[in-house]
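Trainee: Below you'll find the structure I mean.
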Protein chains: 2
Amino acid sequence: MLKSVDLPQIRADSPERADAARNRARVLCTAERLFAERGVSCVSMDEVAREAGVGKGTLFRRFGSRAALARAVLSEREASFQERIIRGEPPLGPGAPPRERLVAFGHALLELLSGHADLLLAAEHGGARFGSAPYAFYRLHIELLLREADPGCDAEILAETLLAFLGADLFLYLRKVREMPPERLAAGWEALVRLVLPS
Amino acid sequence: MLKSVDLPQIRADSPERADAARNRARVLCTAERLFAERGVSCVSMDEVAREAGVGKGTLFRRFGSRAALARAVLSEREASFQERIIRGEPPLGPGAPPRERLVAFGHALLELLSGHADLLLAAEHGGARFGSAPYAFYRLHIELLLREADPGCDAEILAETLLAFLGADLFLYLRKVREMPPERLAAGWEALVRLVLPS
DNA sequence: CACACAATCGGACCTTGGTCCGTTTAGTAA
DNA sequence: TTACTAAACGGACCAAGGTCCGATTGTGTG
């Protein structure tokens, strides 16, 4: 039962009203602060609304769900990450061979996870992961790299599998419960990529 | 007036009281029926309790959480699956080469998912997946097969990755949203195994 | 059988994510 | 400035998972 993740329609010809913009900014700012102060999982939507001086209805009208709020808080970092992939320096950006770009992509995403795993976990809560914009971007990026390196493979299936390794839930489990150090996860990713794309 | 203090007997094999056993059976039976009738995600815990003629407290005392109830309903099928792995016919059971056993394992688990994906999804809800007994069993099984075939690999990481492909959430997404047929997932699994364990 | 007590029962209660809808307000045109 | 309307507001409300604790009952013991 996947839910639509679409935010309220933003029409190009009707700009956001001033109070709406102000409340959106207040909510984002408050949420980021509360998440940082007390941990994502210890902050309820009611608290965010109250601290931001906004009604609960407004909060949900703007962001739709808790997962979407988490995604919104992450959006700047996500955007800069995507920017580095599209136009940044190799090996993460264009120019390096596909296998090296894939390795770099995983390392960079693991880095992002290291800093914001709880936020990413909240953002992926429920079935929200697969329908989200970042996931779609990552999937497409990986599929293109895989096809470039090996046109014969089933890039869609392989991309999903590789991305599954980078899910926030698995990451947190391996880090916190199994206590694997980040370097091991990075090495595991690299080994994985080299299995999928042998030289 | 004072009696010698009897320590409460805490026996590992303390038998279940008759009413407890009766209620447990009633709940399991009712839950299985309701899940089958209306779909797992459309049945609330209150309904299960009411239909079973049991208080909500009793329901949660017995099963702890919705995810655990789903796991309990699945337990027979899980047990027979594990039995087939441990003592069944090859290639799922012992006797076949590791790579073939791994392929058979994935195919069998995909089969289980095809029939009960919604139940498995409920069973894995939240972080429940990684700590569950079936997951631990699957992980161990895969790790042993990987080590047998290639003692040099990082079996723990690879096992988690392979299992991630068989998660209920990804399965449902690929089947329902991306509309991939079961055969494609099965072929994808086999290709994956052959990448991880090249002949 | 009567008793004691621990295990169990069950529903009131709490929390929290999410919805609804009557009220308020920003933007606009006259 | 005033009037009008679409958009936004906000808090009461709902559903559902999960907890608590006083009442109840099964079971071993004398």
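Naming scheme: A, B, ... for chains in displayed order of the structure tokens; residues 1 onward per chain; ligands 1 onward as shown.
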Residues of chain B no more than 12 Å from chain A, counting only C-alpha atoms: send them over as a PDB file with C-alpha atoms, in the first residue's frame.

Mentor:
ATOM      1  CA  GLY B  39      -5.750  -8.294   3.407  1.00  0.00           C
ATOM      2  CA  VAL B  40      -3.175  -7.834   6.112  1.00  0.00           C
ATOM      3  CA  SER B  41      -3.020  -4.057   5.928  1.00  0.00           C
ATOM      4  CA  CYS B  42      -6.798  -3.721   6.342  1.00  0.00           C
ATOM      5  CA  ALA B 117       4.349 -10.742   0.676  1.00  0.00           C
ATOM      6  CA  ASP B 118       1.913  -8.591   2.614  1.00  0.00           C
ATOM      7  CA  LEU B 121       5.922  -6.941   4.947  1.00  0.00           C
ATOM      8  CA  ALA B 122       3.960  -6.598   8.177  1.00  0.00           C
ATOM      9  CA  GLU B 124       9.319  -6.809   8.825  1.00  0.00           C
ATOM     10  CA  HIS B 125       7.706  -3.506   9.720  1.00  0.00           C
ATOM     11  CA  GLY B 126       9.924  -0.970  11.410  1.00  0.00           C
ATOM     12  CA  GLY B 127      13.317  -2.365  12.300  1.00  0.00           C
ATOM     13  CA  ALA B 128      11.779  -5.748  13.042  1.00  0.00           C
ATOM     14  CA  ARG B 129      13.370  -7.384  10.062  1.00  0.00           C
ATOM     15  CA  PHE B 130      16.975  -7.552  11.092  1.00  0.00           C
ATOM     16  CA  GLY B 131      16.412  -8.862  14.567  1.00  0.00           C
ATOM     17  CA  GLY B 152      38.172 -15.283   0.818  1.00  0.00           C
ATOM     18  CA  CYS B 153      35.027 -13.194   0.431  1.00  0.00           C
ATOM     19  CA  ASP B 154      33.385 -10.943   3.001  1.00  0.00           C
ATOM     20  CA  ALA B 155      30.509 -13.317   3.557  1.00  0.00           C
ATOM     21  CA  GLU B 156      28.740 -11.121   6.083  1.00  0.00           C
ATOM     22  CA  ILE B 157      28.449  -8.142   3.807  1.00  0.00           C
ATOM     23  CA  LEU B 158      27.540 -10.235   0.790  1.00  0.00           C
ATOM     24  CA  ALA B 159      24.898 -12.131   2.733  1.00  0.00           C
ATOM     25  CA  GLU B 160      23.227  -8.909   3.835  1.00  0.00           C
ATOM     26  CA  THR B 161      23.284  -7.611   0.295  1.00  0.00           C
ATOM     27  CA  LEU B 162      21.794 -10.738  -1.177  1.00  0.00           C
ATOM     28  CA  LEU B 163      19.126 -10.811   1.514  1.00  0.00           C
ATOM     29  CA  ALA B 164      18.310  -7.181   0.883  1.00  0.00           C
ATOM     30  CA  PHE B 165      17.195  -8.166  -2.592  1.00  0.00           C
ATOM     31  CA  LEU B 166      14.736 -10.603  -1.011  1.00  0.00           C
ATOM     32  CA  GLY B 167      13.147  -8.093   1.366  1.00  0.00           C
ATOM     33  CA  ALA B 168       9.369  -7.881   1.302  1.00  0.00           C
ATOM     34  CA  ASP B 169       9.340  -4.146   0.679  1.00  0.00           C
ATOM     35  CA  LEU B 170      11.568  -4.329  -2.391  1.00  0.00           C
ATOM     36  CA  PHE B 171       9.738  -7.401  -3.634  1.00  0.00           C
ATOM     37  CA  LEU B 172       6.353  -5.702  -3.426  1.00  0.00           C
ATOM     38  CA  TYR B 173       7.702  -2.581  -5.078  1.00  0.00           C
ATOM     39  CA  LEU B 174       9.189  -4.472  -7.988  1.00  0.00           C
ATOM     40  CA  ARG B 175       6.107  -6.632  -8.407  1.00  0.00           C
ATOM     41  CA  LYS B 176       3.326  -4.106  -7.908  1.00  0.00           C
ATOM     42  CA  VAL B 177       4.768  -0.764  -8.906  1.00  0.00           C
ATOM     43  CA  ARG B 178       7.352  -1.751 -11.459  1.00  0.00           C
ATOM     44  CA  MET B 180       8.102  -7.086 -12.997  1.00  0.00           C
ATOM     45  CA  ARG B 184      12.269 -11.848 -14.007  1.00  0.00           C
ATOM     46  CA  LEU B 185      12.949 -11.594 -10.303  1.00  0.00           C
ATOM     47  CA  ALA B 186      13.954 -15.245 -10.248  1.00  0.00           C
ATOM     48  CA  ALA B 187      16.289 -14.732 -13.192  1.00  0.00           C
ATOM     49  CA  GLY B 188      17.657 -11.609 -11.547  1.00  0.00           C
ATOM     50  CA  TRP B 189      18.430 -13.557  -8.416  1.00  0.00           C
ATOM     51  CA  GLU B 190      20.194 -16.273 -10.341  1.00  0.00           C
ATOM     52  CA  ALA B 191      22.275 -13.722 -12.237  1.00  0.00           C
ATOM     53  CA  LEU B 192      23.129 -12.053  -8.967  1.00  0.00           C
ATOM     54  CA  VAL B 193      24.307 -15.295  -7.414  1.00  0.00           C
ATOM     55  CA  ARG B 194      26.417 -16.076 -10.448  1.00  0.00           C
ATOM     56  CA  LEU B 195      28.055 -12.688 -10.234  1.00  0.00           C
ATOM     57  CA  VAL B 196      28.852 -13.187  -6.578  1.00  0.00           C
ATOM     58  CA  LEU B 197      30.016 -16.755  -7.039  1.00  0.00           C
ATOM     59  CA  PRO B 198      31.488 -17.047 -10.533  1.00  0.00           C
TER      60      PRO B 198
END

Trainee: Fewer than 4 positions away in the same chain doesn't count, so skip those; otherwise give me all residues within 12 Å of DA4 in chain C, counting only C-alpha atoms (C1' of nucleotides), as JSON, numbers by chain.

Mentor: {"D": [27, 28, 29, 30]}

Trainee: Since we have the selection now, will you write its residues out, keeping N, CA and C atoms (P, O5', C5', C4', C3', O3' and C1' of nucleotides), as a PDB file, in the first residue's frame?

Mentor:
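Result went into part12.pdb, see below:
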ATOM      1  P    DT D  27      -5.021 -24.759  34.407  1.00  0.00           P
ATOM      2  O5'  DT D  27      -4.191 -24.913  35.758  1.00  0.00           O
ATOM      3  C5'  DT D  27      -3.166 -23.948  36.062  1.00  0.00           C
ATOM      4  C4'  DT D  27      -2.531 -24.262  37.413  1.00  0.00           C
ATOM      5  C3'  DT D  27      -2.607 -25.739  37.848  1.00  0.00           C
ATOM      6  O3'  DT D  27      -1.382 -26.077  38.444  1.00  0.00           O
ATOM      7  C1'  DT D  27      -3.495 -24.381  39.520  1.00  0.00           C
ATOM      8  P    DG D  28      -0.945 -27.634  38.570  1.00  0.00           P
ATOM      9  O5'  DG D  28      -0.004 -27.624  39.870  1.00  0.00           O
ATOM     10  C5'  DG D  28       0.922 -26.541  40.035  1.00  0.00           C
ATOM     11  C4'  DG D  28       1.028 -26.198  41.518  1.00  0.00           C
ATOM     12  C3'  DG D  28       1.288 -27.410  42.428  1.00  0.00           C
ATOM     13  O3'  DG D  28       2.195 -27.017  43.450  1.00  0.00           O
ATOM     14  C1'  DG D  28      -0.697 -26.319  43.110  1.00  0.00           C
ATOM     15  P    DT D  29       2.681 -28.140  44.544  1.00  0.00           P
ATOM     16  O5'  DT D  29       1.829 -27.781  45.834  1.00  0.00           O
ATOM     17  C5'  DT D  29       1.845 -26.421  46.318  1.00  0.00           C
ATOM     18  C4'  DT D  29       1.097 -26.342  47.640  1.00  0.00           C
ATOM     19  C3'  DT D  29       1.277 -27.541  48.566  1.00  0.00           C
ATOM     20  O3'  DT D  29       1.416 -27.070  49.896  1.00  0.00           O
ATOM     21  C1'  DT D  29      -1.035 -27.208  48.172  1.00  0.00           C
ATOM     22  P    DG D  30       1.980 -28.084  51.028  1.00  0.00           P
ATOM     23  O5'  DG D  30       0.832 -28.067  52.138  1.00  0.00           O
ATOM     24  C5'  DG D  30       0.327 -26.802  52.599  1.00  0.00           C
ATOM     25  C4'  DG D  30      -0.962 -27.007  53.348  1.00  0.00           C
ATOM     26  C3'  DG D  30      -0.941 -28.181  54.331  1.00  0.00           C
ATOM     27  O3'  DG D  30      -1.674 -27.809  55.504  1.00  0.00           O
ATOM     28  C1'  DG D  30      -2.687 -28.503  52.799  1.00  0.00           C
TER      29       DG D  30
END

Trainee: Please find the residues of chain A near chain D - the criterion being any atom within 7 Å, counting only C-alpha atoms (C1' of nucleotides) - and write them as a list in words.

Mentor: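 That gives the following set of residues: Ala20, Gly55, Lys56, Gly57 and Thr58 of chain A.
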
Trainee: Find the residues in chain C near chain A: any atom within 10 Å counts, using only C-alpha atoms (C1' of nucleotides). Write them as a PyMOL selection string.

Mentor: chain C and resi 15-20+25-27

Trainee: According to DSSP computed on the backbone, where in range 2-195 of chain B is there helix (DSSP H, G or I)? Give the residues as a count of residues only.

Mentor: 144

Trainee: How far apart are chain B and chain A by Cα RMSD after a least-squares superposition over every Cα, paired in order?

Mentor: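 C-alpha RMSD after least-squares superposition: 6.8 Å.
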
Trainee: So that I can see what lies close to Val48 in chain A, please list as a ChimeraX atom specification the residues with an atom at most 9 Å from it, counting only C-alpha atoms (C1' of nucleotides) and leaving out residues fewer than 2 positions away in the same chain.

Mentor: /A:27,30-31,34,43-46,50-54,56,59

Trainee: Between CA of Ile86 in chain B and CA of Glu32 in chain B, what is the distance in Å, rounded to a tenth?

Mentor: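 CA of Glu32 in chain B lies at a distance of 26.5 Å from CA of Ile86 in chain B.
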
Trainee: Which distance in Å separates CA of Tyr135 in chain A and CA of Gly88 in chain A, to one decimal?

Mentor: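 Straight-line distance from CA of Tyr135 in chain A to CA of Gly88 in chain A works out to 19.3 Å.
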
Trainee: What's the separation between CA of Ile142 in chain B and CA of Ile85 in chain B, in Å to one decimal place?

Mentor: 11.0 Å
